[in-house]
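Asks: Please see the structure below; I have some questions.
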Amino acid sequence: MSDFGELERELGGRSGAAFSVDDGPATQVGSLTSGAAWSTIKVPLAIAALTRGTEPLVERAITESDNDAARALWESLGPPATAAGAVERVLASAGDTDTRVETDVVLPPYTSFGQTEWTLAAQRRFAAGLTGALGAEPVLELMRRVIPEQRWGLARVDPGAAIKGGWGPDPPGRALVRQLGIFTAAGRSVAAAIANEPEDGAYVTGAANLTRIAEWVSRESAAAR
């Protein structure tokens, strides 16, 4: 395996990745191991809230990362504790039994659920189990249709990747940019969670850095035995 530390130093700031190839063991690299979920939490939220009548909201929340649609989905699940429980059941169904969905608005004006602490390791487990999770397939299909301006990172190494990105101030004033996804490398299925806190604190830099990280993950996945 090539040195991820070298890439992290070149990019600046902090970076991290967790990934697995086919049904193989997970690999985790980098100094950035956790952070606020931001819009990546919309994936389990959308699955939890996908019922007849919410389909347009789910589509906007996933393909456009529409925050108003995500808030409406959250509210459709009931009071915060009830909504959090519904999303946590989706997480657990895909293999992430550790993550607890935030119900308090820690950093106004952002949503409570977006501020859920989600480790890259747990997010990778969720991504790896997503294809087998009940009710996930319609959301996976939407993840393959994320709008072009948000198809950085894993979608740059596989145009057919199912991805969802998230970004926000972490800490306030600096961007944390992250992405979960399922993509193909050398004919093999890869589940990954990647993240970057860019040195200049800018979203556009973080998104570009995630593409560099995705390229590294793709090369390592293709070479895995």
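Residue numbering restarts at 1 for every chain of the structure tokens, chains are lettered A, B, ... in their displayed order, and ligands are numbered from 1 as they appear.
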Within 9 Å of segment 197-211 of chain A, counting only C-alpha atoms, which residues qualify if same-chain residues fewer than 5 places away don't, as a PDB file with N, CA and C atoms, in the first residue's frame?
Replies:
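Once everything was written out, this is selection23.pdb:
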ATOM      1  N   LEU A  11      -1.768  17.587   0.411  1.00  0.00           N
ATOM      2  CA  LEU A  11      -3.042  18.299   0.352  1.00  0.00           C
ATOM      3  C   LEU A  11      -3.122  19.410   1.391  1.00  0.00           C
ATOM      4  N   GLY A  12      -2.485  19.214   2.532  1.00  0.00           N
ATOM      5  CA  GLY A  12      -2.593  20.165   3.629  1.00  0.00           C
ATOM      6  C   GLY A  12      -3.851  19.917   4.441  1.00  0.00           C
ATOM      7  N   GLY A  13      -3.910  20.522   5.607  1.00  0.00           N
ATOM      8  CA  GLY A  13      -5.057  20.288   6.468  1.00  0.00           C
ATOM      9  C   GLY A  13      -5.054  18.863   6.996  1.00  0.00           C
ATOM     10  N   ARG A  14      -6.244  18.304   7.187  1.00  0.00           N
ATOM     11  CA  ARG A  14      -6.374  16.926   7.664  1.00  0.00           C
ATOM     12  C   ARG A  14      -7.245  16.126   6.703  1.00  0.00           C
ATOM     13  N   SER A  15      -6.881  14.869   6.508  1.00  0.00           N
ATOM     14  CA  SER A  15      -7.630  13.992   5.608  1.00  0.00           C
ATOM     15  C   SER A  15      -7.768  12.620   6.231  1.00  0.00           C
ATOM     16  N   LEU A  32      -7.663  12.295  10.054  1.00  0.00           N
ATOM     17  CA  LEU A  32      -9.052  12.695  10.239  1.00  0.00           C
ATOM     18  C   LEU A  32      -9.911  11.440  10.292  1.00  0.00           C
ATOM     19  N   GLN A 150     -22.105  18.306  -7.736  1.00  0.00           N
ATOM     20  CA  GLN A 150     -21.781  17.631  -6.481  1.00  0.00           C
ATOM     21  C   GLN A 150     -21.157  16.247  -6.697  1.00  0.00           C
ATOM     22  N   TRP A 152     -18.161  15.177  -7.169  1.00  0.00           N
ATOM     23  CA  TRP A 152     -16.717  15.140  -7.010  1.00  0.00           C
ATOM     24  C   TRP A 152     -16.364  13.878  -6.216  1.00  0.00           C
ATOM     25  N   GLY A 153     -15.090  13.736  -5.854  1.00  0.00           N
ATOM     26  CA  GLY A 153     -14.695  12.597  -5.036  1.00  0.00           C
ATOM     27  C   GLY A 153     -14.852  11.278  -5.765  1.00  0.00           C
ATOM     28  N   LEU A 154     -15.553  10.351  -5.147  1.00  0.00           N
ATOM     29  CA  LEU A 154     -15.671   8.990  -5.679  1.00  0.00           C
ATOM     30  C   LEU A 154     -16.345   8.948  -7.044  1.00  0.00           C
ATOM     31  N   ALA A 155     -17.221   9.902  -7.323  1.00  0.00           N
ATOM     32  CA  ALA A 155     -17.892   9.924  -8.623  1.00  0.00           C
ATOM     33  C   ALA A 155     -16.941  10.289  -9.750  1.00  0.00           C
ATOM     34  N   ARG A 156     -15.789  10.891  -9.429  1.00  0.00           N
ATOM     35  CA  ARG A 156     -14.809  11.213 -10.464  1.00  0.00           C
ATOM     36  C   ARG A 156     -13.998   9.990 -10.883  1.00  0.00           C
ATOM     37  N   VAL A 157     -13.905   8.987 -10.005  1.00  0.00           N
ATOM     38  CA  VAL A 157     -13.165   7.778 -10.383  1.00  0.00           C
ATOM     39  C   VAL A 157     -14.097   6.712 -10.952  1.00  0.00           C
ATOM     40  N   TRP A 167     -20.972  18.793   3.703  1.00  0.00           N
ATOM     41  CA  TRP A 167     -19.980  19.807   4.014  1.00  0.00           C
ATOM     42  C   TRP A 167     -20.592  20.828   4.965  1.00  0.00           C
ATOM     43  N   GLY A 168     -19.740  21.382   5.800  1.00  0.00           N
ATOM     44  CA  GLY A 168     -20.204  22.377   6.748  1.00  0.00           C
ATOM     45  C   GLY A 168     -19.037  22.885   7.575  1.00  0.00           C
ATOM     46  N   PRO A 169     -19.280  23.899   8.398  1.00  0.00           N
ATOM     47  CA  PRO A 169     -18.202  24.476   9.209  1.00  0.00           C
ATOM     48  C   PRO A 169     -17.858  23.583  10.391  1.00  0.00           C
ATOM     49  N   ASP A 170     -16.624  23.167  10.449  1.00  0.00           N
ATOM     50  CA  ASP A 170     -16.224  22.235  11.511  1.00  0.00           C
ATOM     51  C   ASP A 170     -14.732  22.395  11.797  1.00  0.00           C
ATOM     52  N   GLY A 173     -16.299  28.311  10.633  1.00  0.00           N
ATOM     53  CA  GLY A 173     -15.353  29.084   9.843  1.00  0.00           C
ATOM     54  C   GLY A 173     -14.461  28.245   8.959  1.00  0.00           C
ATOM     55  N   ARG A 174     -14.355  26.947   9.253  1.00  0.00           N
ATOM     56  CA  ARG A 174     -13.561  26.045   8.418  1.00  0.00           C
ATOM     57  C   ARG A 174     -14.479  24.955   7.879  1.00  0.00           C
ATOM     58  N   ALA A 175     -14.198  24.497   6.687  1.00  0.00           N
ATOM     59  CA  ALA A 175     -15.039  23.473   6.076  1.00  0.00           C
ATOM     60  C   ALA A 175     -14.559  22.075   6.421  1.00  0.00           C
ATOM     61  N   LEU A 176     -15.503  21.212   6.751  1.00  0.00           N
ATOM     62  CA  LEU A 176     -15.283  19.773   6.727  1.00  0.00           C
ATOM     63  C   LEU A 176     -16.065  19.258   5.535  1.00  0.00           C
ATOM     64  N   VAL A 177     -15.383  18.632   4.602  1.00  0.00           N
ATOM     65  CA  VAL A 177     -16.026  18.089   3.408  1.00  0.00           C
ATOM     66  C   VAL A 177     -15.856  16.584   3.453  1.00  0.00           C
ATOM     67  N   ARG A 178     -16.963  15.858   3.295  1.00  0.00           N
ATOM     68  CA  ARG A 178     -16.886  14.402   3.405  1.00  0.00           C
ATOM     69  C   ARG A 178     -17.834  13.752   2.403  1.00  0.00           C
ATOM     70  N   GLN A 179     -17.653  12.464   2.205  1.00  0.00           N
ATOM     71  CA  GLN A 179     -18.469  11.739   1.222  1.00  0.00           C
ATOM     72  C   GLN A 179     -18.472  10.259   1.564  1.00  0.00           C
ATOM     73  N   TRP A 216      -6.696   7.993  -4.860  1.00  0.00           N
ATOM     74  CA  TRP A 216      -5.795   7.137  -4.071  1.00  0.00           C
ATOM     75  C   TRP A 216      -6.521   5.867  -3.633  1.00  0.00           C
TER      76      TRP A 216
END
Asks: Please identify all polymer residues within 9 Å of Gly5 of chain A, counting only C-alpha atoms, omitting same-chain residues fewer than 2 positions from it, and present them as a list in words.
Replies: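 Surrounding residues, per the criterion: Ser2, Asp3, Leu7, Glu8, Arg9, Glu10, Ser15, Val29, Gly30 and Ser31 of chain A.
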Asks: Determine the nearest neighbour of Ala162 of chain A from the options A:Ala37, A:Ala186, A:Val43, A:Ala18, counting only C-alpha atoms.
Replies: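 That would be A:Val43, the residue with the smallest distance to Ala162 of chain A.
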Asks: Identify which of the residues A:Ala17, A:Val90, A:Ala128, A:Ile163 lies closest to Arg145 of chain A, counting only C-alpha atoms when measuring atom-to-atom distances.
Replies: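 Closest to Arg145 of chain A, using only C-alpha atoms: A:Ile163.
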Asks: Can you list every residue in segment 16-124 of chain A that DSSP puts in alpha helix (DSSP H), as a PDB file with C-alpha atoms, in the first residue's frame?
Replies:
ATOM      1  CA  LYS A  42     -29.477  12.374   4.468  1.00  0.00           C
ATOM      2  CA  VAL A  43     -28.915   8.851   3.132  1.00  0.00           C
ATOM      3  CA  PRO A  44     -30.233   6.950   6.188  1.00  0.00           C
ATOM      4  CA  LEU A  45     -32.745   9.757   6.804  1.00  0.00           C
ATOM      5  CA  ALA A  46     -34.139   9.360   3.292  1.00  0.00           C
ATOM      6  CA  ILE A  47     -34.438   5.596   3.679  1.00  0.00           C
ATOM      7  CA  ALA A  48     -36.203   5.986   7.022  1.00  0.00           C
ATOM      8  CA  ALA A  49     -38.646   8.560   5.653  1.00  0.00           C
ATOM      9  CA  GLU A  55     -40.634  10.592  -2.858  1.00  0.00           C
ATOM     10  CA  PRO A  56     -40.174  14.156  -4.233  1.00  0.00           C
ATOM     11  CA  LEU A  57     -38.629  15.268  -0.924  1.00  0.00           C
ATOM     12  CA  VAL A  58     -36.307  12.255  -0.899  1.00  0.00           C
ATOM     13  CA  GLU A  59     -35.210  12.952  -4.462  1.00  0.00           C
ATOM     14  CA  ARG A  60     -34.348  16.588  -3.703  1.00  0.00           C
ATOM     15  CA  ALA A  61     -32.606  15.708  -0.433  1.00  0.00           C
ATOM     16  CA  ILE A  62     -30.330  13.172  -2.127  1.00  0.00           C
ATOM     17  CA  THR A  63     -29.751  14.433  -5.669  1.00  0.00           C
ATOM     18  CA  ASN A  67     -31.816  21.107   3.209  1.00  0.00           C
ATOM     19  CA  ASP A  68     -35.468  22.151   3.319  1.00  0.00           C
ATOM     20  CA  ALA A  69     -36.467  18.763   1.884  1.00  0.00           C
ATOM     21  CA  ALA A  70     -34.309  16.997   4.482  1.00  0.00           C
ATOM     22  CA  ARG A  71     -35.907  19.003   7.312  1.00  0.00           C
ATOM     23  CA  ALA A  72     -39.361  18.037   6.039  1.00  0.00           C
ATOM     24  CA  LEU A  73     -38.350  14.371   5.960  1.00  0.00           C
ATOM     25  CA  TRP A  74     -37.000  14.611   9.519  1.00  0.00           C
ATOM     26  CA  GLU A  75     -40.221  16.222  10.748  1.00  0.00           C
ATOM     27  CA  SER A  76     -42.294  13.544   8.991  1.00  0.00           C
ATOM     28  CA  PRO A  80     -36.684  14.501  17.418  1.00  0.00           C
ATOM     29  CA  ALA A  81     -36.172  11.439  19.625  1.00  0.00           C
ATOM     30  CA  THR A  82     -38.563   9.377  17.497  1.00  0.00           C
ATOM     31  CA  ALA A  83     -36.988  10.589  14.260  1.00  0.00           C
ATOM     32  CA  ALA A  84     -33.498   9.830  15.571  1.00  0.00           C
ATOM     33  CA  GLY A  85     -34.581   6.328  16.519  1.00  0.00           C
ATOM     34  CA  ALA A  86     -35.947   5.700  13.022  1.00  0.00           C
ATOM     35  CA  VAL A  87     -32.702   6.830  11.392  1.00  0.00           C
ATOM     36  CA  GLU A  88     -30.619   4.785  13.848  1.00  0.00           C
ATOM     37  CA  ARG A  89     -32.591   1.662  12.908  1.00  0.00           C
ATOM     38  CA  VAL A  90     -31.649   2.239   9.267  1.00  0.00           C
ATOM     39  CA  LEU A  91     -28.010   2.706  10.246  1.00  0.00           C
ATOM     40  CA  ALA A  92     -28.081  -0.527  12.244  1.00  0.00           C
ATOM     41  CA  SER A  93     -29.761  -2.438   9.418  1.00  0.00           C
ATOM     42  CA  LEU A 120     -15.375   7.250   8.951  1.00  0.00           C
ATOM     43  CA  ALA A 121     -15.137   3.659  10.200  1.00  0.00           C
ATOM     44  CA  ALA A 122     -18.856   3.531  11.031  1.00  0.00           C
ATOM     45  CA  GLN A 123     -19.792   5.305   7.816  1.00  0.00           C
ATOM     46  CA  ARG A 124     -17.758   2.803   5.798  1.00  0.00           C
TER      47      ARG A 124
END
Asks: Rounded to one decimal, what separation in Å do you get between atom CA of Ala36 of chain A and atom CA of Thr119 of chain A?
Replies: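 Computed distance, atom CA of Ala36 of chain A to atom CA of Thr119 of chain A, equals 8.4 Å.
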Asks: Could you check the closest approach to Ala193 of chain A for each of A:Glu6, A:Val217, A:Asp104, A:Asp158 and tell me which residue wins, using only C-alpha atoms?
Replies: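 Among the listed residues, A:Val217 lies closest to Ala193 of chain A.
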Asks: Write out as an NGL selection string all residues of segment 16-95 of chain A that DSSP puts in strand (DSSP E) for this structure's backbone.
Replies: :A and (16-21 or 26-30)
